[in-house]
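S.K.: Encoded as C-alpha cells, here's the structure I'll be asking about.
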Amino acid sequence: MYIHRTIFLSIILTLFSVSSFAQSVYKTPSGNKYHLAKCKHVNNVSLQMTVDEAIKNYHLRPCKVCKPPVPNEAIFLHSGKNKAVGSCETARCKGKTKEQLRCKRRTRLCNGFCFQHNPNR
C-alpha cells in the first residue's frame, strides 16, 4: 500500500510540474513579454500560447507585473535591460519621429539609436 501511495504522489507531482509550464500565457500584438490572463496588459487581441512557445518561438520575456511562470532552463536572448550594450562616440540618433523627421537626440550607444528609438528595448 505504501508503494502505491508513493507512486501516485510522484505521478501527481510530475504532472503538476509539467502543467505549470503548459499554462496558457498571452502575448500582446506589439509586446515583447508574455503575461498571465489576469494581467492588466492583456487585452482582447492578445495571442494565447504556452510558456515554452512564448520563450522558444517568440523569444518573449516574462512580465514584471503579473510574474508568469519561468522554466529553470529558460534562456532569454535579451539581458532584461532596456539598453544597448557598449558605448561609442556621441552621435545623432538614427531614429525617426512620428512626422518622419530624424530624431534630434544624441546618443553614445553603439547601435546609433537613443533610448526611445532603441530596437533592443
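Quick note on naming: the chains in the C-alpha cells go A, B, ... in the order shown, residues restart at 1 in each chain, and ligands are numbered from 1 in order of appearance.
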Near segment 96-105 of chain A, counting only C-alpha atoms, which residues have an atom at most 7 Å away, once you skip same-chain residues fewer than 3 positions from it, shown as a list in words?

M.R.: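 The filter keeps Arg92, Cys93 and Cys114 of chain A.
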
S.K.: From the set A:Asn111, A:Asn72, A:Ser30, A:Thr50, which residue has the shortest atom-to-atom contact distance to Thr90 of chain A, counting only C-alpha atoms?

M.R.: A:Asn111

S.K.: What is the atom CA of Val42 of chain A to atom CA of Tyr58 of chain A distance in Å?

M.R.: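 Calculated distance between atom CA of Val42 of chain A and atom CA of Tyr58 of chain A is 16.5 Å.
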
S.K.: When you count only C-alpha atoms, which of these residues is closest to Ser24 of chain A: A:Asn118, A:His41, A:Pro62, A:Pro68?

M.R.: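 Closest candidate: A:Pro68.
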